[in-house]
>>> print(open('data22.txt').read())   # compact mmCIF, N, CA and C atoms
# COMPACT_ATOMS: atom_id res chain seq x y z
N MET A 236 137.85 111.16 84.44
CA MET A 236 136.86 111.29 85.50
C MET A 236 136.02 112.54 85.26
N THR A 237 134.71 112.40 85.36
CA THR A 237 133.81 113.53 85.17
C THR A 237 133.54 114.20 86.50
N THR A 238 133.72 115.51 86.54
CA THR A 238 133.39 116.24 87.76
C THR A 238 131.97 116.76 87.65
N SER A 239 131.31 116.83 88.79
CA SER A 239 129.94 117.32 88.77
C SER A 239 129.94 118.81 89.08
N VAL A 240 129.02 119.51 88.48
CA VAL A 240 128.86 120.93 88.71
C VAL A 240 127.63 121.10 89.60
N PRO A 241 127.79 121.71 90.79
CA PRO A 241 126.62 121.88 91.67
C PRO A 241 125.53 122.68 90.96
N ILE A 242 124.28 122.27 91.18
CA ILE A 242 123.17 122.97 90.55
C ILE A 242 122.13 123.33 91.61
N ASP A 243 121.37 124.39 91.33
CA ASP A 243 120.34 124.81 92.27
C ASP A 243 119.02 124.11 91.95
N ASP A 244 118.04 124.31 92.81
CA ASP A 244 116.75 123.63 92.63
C ASP A 244 116.04 124.03 91.34
N GLU A 245 116.20 125.28 90.93
CA GLU A 245 115.55 125.74 89.70
C GLU A 245 116.08 124.97 88.49
N LEU A 246 117.40 124.85 88.41
CA LEU A 246 118.01 124.11 87.30
C LEU A 246 117.68 122.62 87.40
N LEU A 247 117.67 122.07 88.61
CA LEU A 247 117.30 120.67 88.78
C LEU A 247 115.88 120.43 88.26
N ALA A 248 114.96 121.34 88.56
CA ALA A 248 113.58 121.20 88.08
C ALA A 248 113.51 121.26 86.56
N VAL A 249 114.27 122.15 85.95
CA VAL A 249 114.31 122.25 84.48
C VAL A 249 114.82 120.94 83.88
N ARG A 250 115.87 120.41 84.47
CA ARG A 250 116.45 119.18 83.94
C ARG A 250 115.54 117.97 84.16
N LEU A 251 114.87 117.93 85.30
CA LEU A 251 113.94 116.82 85.55
C LEU A 251 112.76 116.87 84.58
N ARG A 252 112.28 118.09 84.27
CA ARG A 252 111.21 118.21 83.26
C ARG A 252 111.71 117.70 81.91
N ALA A 253 112.95 118.02 81.57
CA ALA A 253 113.51 117.56 80.29
C ALA A 253 113.63 116.04 80.26
N LEU A 254 113.85 115.43 81.41
CA LEU A 254 113.96 113.97 81.48
C LEU A 254 112.60 113.28 81.53
N GLY A 255 111.54 114.06 81.58
CA GLY A 255 110.21 113.52 81.79
C GLY A 255 109.49 113.01 80.56
N HIS A 256 110.21 112.54 79.57
CA HIS A 256 109.57 111.98 78.38
C HIS A 256 110.36 110.74 77.94
N PRO A 257 109.67 109.64 77.63
CA PRO A 257 110.37 108.41 77.24
C PRO A 257 111.29 108.57 76.03
N ALA A 258 110.91 109.40 75.08
CA ALA A 258 111.76 109.60 73.90
C ALA A 258 113.07 110.27 74.28
N ARG A 259 113.00 111.22 75.21
CA ARG A 259 114.23 111.90 75.61
C ARG A 259 115.13 110.97 76.42
N LEU A 260 114.55 110.07 77.19
CA LEU A 260 115.35 109.08 77.90
C LEU A 260 116.03 108.14 76.90
N ALA A 261 115.30 107.76 75.86
CA ALA A 261 115.88 106.89 74.83
C ALA A 261 117.02 107.61 74.10
N ILE A 262 116.87 108.89 73.86
CA ILE A 262 117.92 109.67 73.21
C ILE A 262 119.17 109.71 74.10
N LEU A 263 118.98 109.95 75.40
CA LEU A 263 120.12 109.96 76.31
C LEU A 263 120.82 108.61 76.34
N ARG A 264 120.04 107.52 76.32
CA ARG A 264 120.66 106.19 76.30
C ARG A 264 121.48 105.99 75.02
N ALA A 265 120.93 106.44 73.90
CA ALA A 265 121.66 106.32 72.63
C ALA A 265 122.96 107.12 72.68
N LEU A 266 122.90 108.31 73.23
CA LEU A 266 124.10 109.14 73.32
C LEU A 266 125.11 108.56 74.32
N ALA A 267 124.62 107.88 75.34
CA ALA A 267 125.52 107.26 76.33
C ALA A 267 126.31 106.11 75.70
N ARG A 268 125.71 105.45 74.70
CA ARG A 268 126.39 104.33 74.04
C ARG A 268 127.44 104.80 73.05
N ALA A 269 127.35 106.04 72.62
CA ALA A 269 128.28 106.56 71.62
C ALA A 269 128.95 107.82 72.17
N GLU A 270 130.16 108.07 71.73
CA GLU A 270 130.83 109.32 72.12
C GLU A 270 130.07 110.52 71.56
N ARG A 271 129.73 110.41 70.28
CA ARG A 271 129.00 111.47 69.57
C ARG A 271 128.01 110.79 68.63
N CYS A 272 126.93 111.47 68.37
CA CYS A 272 125.90 110.88 67.51
C CYS A 272 125.34 111.96 66.60
N HIS A 273 125.19 111.63 65.34
CA HIS A 273 124.51 112.54 64.41
C HIS A 273 123.02 112.35 64.56
N CYS A 274 122.29 113.41 64.33
CA CYS A 274 120.83 113.39 64.49
C CYS A 274 120.22 112.23 63.70
N GLY A 275 120.70 112.00 62.49
CA GLY A 275 120.15 110.92 61.66
C GLY A 275 120.32 109.55 62.31
N GLU A 276 121.43 109.33 63.00
CA GLU A 276 121.64 108.06 63.69
C GLU A 276 120.65 107.89 64.83
N ILE A 277 120.37 108.97 65.53
CA ILE A 277 119.40 108.93 66.63
C ILE A 277 118.01 108.63 66.07
N VAL A 278 117.66 109.30 64.97
CA VAL A 278 116.34 109.11 64.35
C VAL A 278 116.17 107.66 63.93
N ARG A 279 117.21 107.06 63.34
CA ARG A 279 117.10 105.66 62.91
C ARG A 279 116.84 104.70 64.07
N GLY A 280 117.27 105.08 65.28
CA GLY A 280 117.08 104.22 66.43
C GLY A 280 115.76 104.41 67.15
N LEU A 281 114.95 105.34 66.69
CA LEU A 281 113.67 105.64 67.37
C LEU A 281 112.51 105.58 66.38
N PRO A 282 111.33 105.21 66.87
CA PRO A 282 110.16 105.17 65.99
C PRO A 282 109.47 106.53 65.89
N LEU A 283 110.28 107.57 65.67
CA LEU A 283 109.75 108.93 65.64
C LEU A 283 110.23 109.64 64.38
N ALA A 284 109.48 110.63 63.96
CA ALA A 284 109.87 111.45 62.82
C ALA A 284 111.10 112.28 63.18
N GLN A 285 111.87 112.64 62.15
CA GLN A 285 113.08 113.44 62.37
C GLN A 285 112.75 114.75 63.06
N SER A 286 111.65 115.38 62.69
CA SER A 286 111.28 116.67 63.30
C SER A 286 110.96 116.51 64.79
N THR A 287 110.35 115.39 65.15
CA THR A 287 110.03 115.13 66.55
C THR A 287 111.31 114.90 67.35
N VAL A 288 112.22 114.13 66.79
CA VAL A 288 113.50 113.88 67.47
C VAL A 288 114.24 115.20 67.64
N SER A 289 114.23 116.04 66.62
CA SER A 289 114.89 117.35 66.70
C SER A 289 114.31 118.20 67.83
N GLN A 290 112.99 118.16 68.01
CA GLN A 290 112.36 118.91 69.11
C GLN A 290 112.83 118.37 70.46
N HIS A 291 112.91 117.05 70.59
CA HIS A 291 113.37 116.47 71.85
C HIS A 291 114.84 116.80 72.10
N LEU A 292 115.66 116.79 71.06
CA LEU A 292 117.07 117.16 71.20
C LEU A 292 117.20 118.61 71.66
N LYS A 293 116.36 119.49 71.13
CA LYS A 293 116.39 120.90 71.52
C LYS A 293 116.06 121.05 73.00
N ILE A 294 115.07 120.32 73.49
CA ILE A 294 114.70 120.39 74.91
C ILE A 294 115.86 119.92 75.78
N LEU A 295 116.49 118.82 75.39
CA LEU A 295 117.63 118.31 76.16
C LEU A 295 118.80 119.29 76.13
N LYS A 296 119.03 119.91 74.98
CA LYS A 296 120.12 120.87 74.86
C LYS A 296 119.81 122.13 75.67
N ASP A 297 118.58 122.63 75.58
CA ASP A 297 118.20 123.82 76.35
C ASP A 297 118.31 123.59 77.86
N ALA A 298 118.08 122.35 78.29
CA ALA A 298 118.19 122.01 79.71
C ALA A 298 119.65 121.81 80.12
N GLY A 299 120.55 121.83 79.15
CA GLY A 299 121.97 121.69 79.45
C GLY A 299 122.44 120.26 79.64
N LEU A 300 121.63 119.29 79.21
CA LEU A 300 121.99 117.89 79.40
C LEU A 300 122.83 117.33 78.26
N ILE A 301 122.75 117.96 77.09
CA ILE A 301 123.54 117.54 75.94
C ILE A 301 124.16 118.76 75.27
N ASP A 302 125.19 118.51 74.49
CA ASP A 302 125.82 119.54 73.66
C ASP A 302 125.56 119.18 72.21
N GLY A 303 125.45 120.17 71.37
CA GLY A 303 125.25 119.92 69.95
C GLY A 303 126.03 120.89 69.11
N THR A 304 126.53 120.40 67.99
CA THR A 304 127.25 121.24 67.04
C THR A 304 126.77 120.91 65.63
N VAL A 305 126.92 121.87 64.76
CA VAL A 305 126.57 121.66 63.36
C VAL A 305 127.86 121.38 62.60
N GLU A 306 127.87 120.26 61.89
CA GLU A 306 129.03 119.88 61.07
C GLU A 306 128.55 119.77 59.63
N GLY A 307 128.68 120.87 58.93
CA GLY A 307 128.16 120.90 57.56
C GLY A 307 126.65 120.77 57.59
N PRO A 308 126.10 119.82 56.82
CA PRO A 308 124.65 119.65 56.79
C PRO A 308 124.12 118.79 57.95
N ARG A 309 125.02 118.33 58.82
CA ARG A 309 124.62 117.42 59.89
C ARG A 309 124.78 118.05 61.26
N SER A 310 123.89 117.68 62.17
CA SER A 310 124.00 118.10 63.56
C SER A 310 124.52 116.92 64.36
N CYS A 311 125.49 117.20 65.22
CA CYS A 311 126.12 116.15 66.02
C CYS A 311 125.90 116.46 67.50
N TYR A 312 125.52 115.44 68.26
CA TYR A 312 125.20 115.63 69.67
C TYR A 312 126.02 114.70 70.55
N CYS A 313 126.24 115.12 71.80
CA CYS A 313 126.89 114.28 72.79
C CYS A 313 126.36 114.67 74.17
N LEU A 314 126.54 113.77 75.12
CA LEU A 314 126.13 114.05 76.49
C LEU A 314 127.02 115.14 77.08
N ASP A 315 126.44 115.99 77.91
CA ASP A 315 127.23 116.90 78.73
C ASP A 315 127.43 116.17 80.05
N ARG A 316 128.53 115.45 80.13
CA ARG A 316 128.76 114.55 81.27
C ARG A 316 128.84 115.29 82.60
N ALA A 317 129.43 116.47 82.63
CA ALA A 317 129.51 117.25 83.87
C ALA A 317 128.11 117.68 84.32
N ALA A 318 127.28 118.10 83.37
CA ALA A 318 125.92 118.51 83.72
C ALA A 318 125.11 117.32 84.23
N LEU A 319 125.28 116.17 83.59
CA LEU A 319 124.57 114.97 84.05
C LEU A 319 125.05 114.55 85.43
N ALA A 320 126.36 114.65 85.68
CA ALA A 320 126.90 114.29 87.00
C ALA A 320 126.35 115.24 88.07
N GLY A 321 126.27 116.53 87.76
CA GLY A 321 125.70 117.50 88.70
C GLY A 321 124.23 117.24 88.98
N THR A 322 123.51 116.86 87.94
CA THR A 322 122.09 116.54 88.09
C THR A 322 121.90 115.30 88.96
N LEU A 323 122.71 114.29 88.71
CA LEU A 323 122.62 113.07 89.51
C LEU A 323 123.01 113.33 90.96
N ALA A 324 124.02 114.18 91.19
CA ALA A 324 124.42 114.52 92.56
C ALA A 324 123.30 115.27 93.28
N ALA A 325 122.66 116.22 92.59
CA ALA A 325 121.56 116.97 93.20
C ALA A 325 120.38 116.05 93.49
N LEU A 326 120.12 115.14 92.58
CA LEU A 326 119.03 114.19 92.78
C LEU A 326 119.35 113.24 93.94
N GLY A 327 120.62 112.85 94.05
CA GLY A 327 121.04 112.01 95.16
C GLY A 327 120.88 112.72 96.50
N SER A 328 121.20 114.00 96.52
CA SER A 328 121.04 114.80 97.74
C SER A 328 119.57 114.91 98.12
N LEU A 329 118.72 115.12 97.12
CA LEU A 329 117.28 115.16 97.36
C LEU A 329 116.78 113.82 97.87
N GLY A 330 117.27 112.74 97.27
CA GLY A 330 116.88 111.40 97.71
C GLY A 330 117.29 111.15 99.15
N ALA A 331 118.49 111.60 99.54
CA ALA A 331 118.95 111.42 100.92
C ALA A 331 118.04 112.18 101.88
N ALA A 332 117.64 113.39 101.50
CA ALA A 332 116.73 114.17 102.35
C ALA A 332 115.38 113.46 102.49
N MET A 333 114.91 112.87 101.38
CA MET A 333 113.62 112.16 101.43
C MET A 333 113.73 110.89 102.28
N ARG A 334 114.87 110.19 102.19
CA ARG A 334 115.06 108.99 103.03
C ARG A 334 115.07 109.38 104.51
N THR A 335 115.70 110.50 104.82
CA THR A 335 115.72 110.99 106.20
C THR A 335 114.30 111.31 106.66
N ALA A 336 113.55 112.00 105.79
CA ALA A 336 112.17 112.33 106.14
C ALA A 336 111.33 111.07 106.32
N MET A 337 111.54 110.09 105.46
CA MET A 337 110.79 108.84 105.58
C MET A 337 111.15 108.13 106.88
N GLY A 338 112.38 108.24 107.32
CA GLY A 338 112.79 107.66 108.59
C GLY A 338 112.05 108.30 109.74
N HIS A 339 111.86 109.62 109.66
CA HIS A 339 111.10 110.32 110.71
C HIS A 339 109.65 109.87 110.71
N ILE A 340 109.10 109.68 109.51
CA ILE A 340 107.70 109.26 109.42
C ILE A 340 107.53 107.86 109.99
N SER A 341 108.46 106.95 109.66
CA SER A 341 108.31 105.57 110.12
C SER A 341 108.50 105.44 111.62
N THR A 342 109.25 106.37 112.23
CA THR A 342 109.45 106.31 113.68
C THR A 342 108.39 107.10 114.42
N GLY A 343 107.55 107.82 113.69
CA GLY A 343 106.51 108.60 114.32
C GLY A 343 106.98 109.97 114.77
N ALA A 344 108.24 110.30 114.55
CA ALA A 344 108.74 111.61 114.95
C ALA A 344 108.20 112.67 113.99
N PRO A 345 107.79 113.81 114.53
CA PRO A 345 107.27 114.86 113.62
C PRO A 345 108.39 115.46 112.79
N ILE A 346 108.08 115.74 111.55
CA ILE A 346 109.04 116.41 110.68
C ILE A 346 108.93 117.91 110.92
N TYR A 347 107.70 118.40 111.05
CA TYR A 347 107.44 119.81 111.33
C TYR A 347 106.47 119.88 112.51
N ASP A 348 106.58 120.95 113.27
CA ASP A 348 105.61 121.15 114.34
C ASP A 348 104.26 121.53 113.76
N HIS A 349 104.28 122.21 112.60
CA HIS A 349 103.05 122.62 111.93
C HIS A 349 103.35 122.80 110.44
N LEU A 350 102.29 122.84 109.66
CA LEU A 350 102.46 123.01 108.22
C LEU A 350 102.76 124.47 107.90
N PRO A 351 103.51 124.73 106.83
CA PRO A 351 103.75 126.13 106.44
C PRO A 351 102.43 126.85 106.20
N GLY A 352 102.30 128.04 106.76
CA GLY A 352 101.09 128.83 106.59
C GLY A 352 99.99 128.48 107.57
N GLU A 353 100.15 127.43 108.34
CA GLU A 353 99.13 127.03 109.31
C GLU A 353 99.20 127.96 110.51
N VAL A 354 98.02 128.38 110.99
CA VAL A 354 97.96 129.23 112.17
C VAL A 354 98.09 128.34 113.39
N VAL A 355 99.09 128.64 114.20
CA VAL A 355 99.33 127.83 115.39
C VAL A 355 98.87 128.64 116.60
N PRO A 356 97.92 128.08 117.40
CA PRO A 356 97.44 128.84 118.56
C PRO A 356 98.57 129.02 119.57
N PRO A 357 98.57 130.17 120.29
CA PRO A 357 99.61 130.37 121.28
C PRO A 357 99.52 129.33 122.39
N ALA A 358 100.65 129.05 123.01
CA ALA A 358 100.68 128.08 124.10
C ALA A 358 99.80 128.59 125.25
N SER A 359 99.21 127.65 125.93
CA SER A 359 98.33 127.98 127.06
C SER A 359 99.16 128.63 128.17
N LEU A 360 98.55 129.60 128.87
CA LEU A 360 99.23 130.28 129.96
C LEU A 360 99.00 129.57 131.29
N GLU A 361 98.31 128.46 131.29
CA GLU A 361 97.99 127.77 132.54
C GLU A 361 99.18 127.15 133.15
>>> encode(input="data22.txt", output="structure tokens")
Amino acid sequence: MTTSVPIDDELLAVRLRALGHPARLAILRALARAERCHCGEIVRGLPLAQSTVSQHLKILKDAGLIDGTVEGPRSCYCLDRAALAGTLAALGSLGAAMRTAMGHISTGAPIYDHLPGEVVPPASLE
């Protein structure tokens, strides 16, 4: 069983940016199908140059979504399952907050009395 590691909004934003490219999503899918994958195996499964795949792997690794090790002349990668579980949990929490907000919108209930930074006139003294 994979445990999730709680993450803050800053890290969630970094990880969501890393997930924001179709090639990186394809790489994650390839790694999900295998316990470990060598860079060459990932390259063979994508219509991209090896250098491009390496750049995408670096972004995913820097975001903490995958782990990588060098084994002789080859680089081997795998999913960081705890990091992915934490990211999914944080995204689920954000989704729940958005569903709650959407419920307020659909019922006509105000979410805020005023917008942040908006000048609100004082209540009438009448």
>>> residues_around(input="data22.txt", residues="stretch 287-289 of chain A", least_positions_apart="5", cutoff="12 Å", atoms="only C-alpha atoms", output="list in words")
His256, Pro257, Ala258, Arg259, Leu260, Ala261, Ile262, Leu263, His273, Cys274, Gly275, Glu276, Ile277, Val278, Arg279, Gly280, Leu281, Pro282, Ile294, Leu295, Lys296, Gly303, Arg309, Ser310, Cys311 and Tyr312 of chain A
>>> closest_residue(input="data22.txt", among="A:Ala267, A:Ile242, A:Ala336, A:Ala253", to="A:Ala320", atoms="all atoms listed in the file")
A:Ile242
>>> atom_distance(input="data22.txt", atom1="atom N of A:Ser286", atom2="atom N of A:Glu270")
21.9 Å
>>> atom_distance(input="data22.txt", atom1="atom CA of A:Ala298", atom2="atom CA of A:Val249")
6.2 Å
>>> select_by_dssp(input="data22.txt", residues="stretch 303-333 of chain A", states="alpha helix (DSSP H)", output="VMD selection string")
chain A and resid 316 to 333
>>> atom_distance(input="data22.txt", atom1="atom C of A:Leu300", atom2="atom C of A:Met333")
26.5 Å
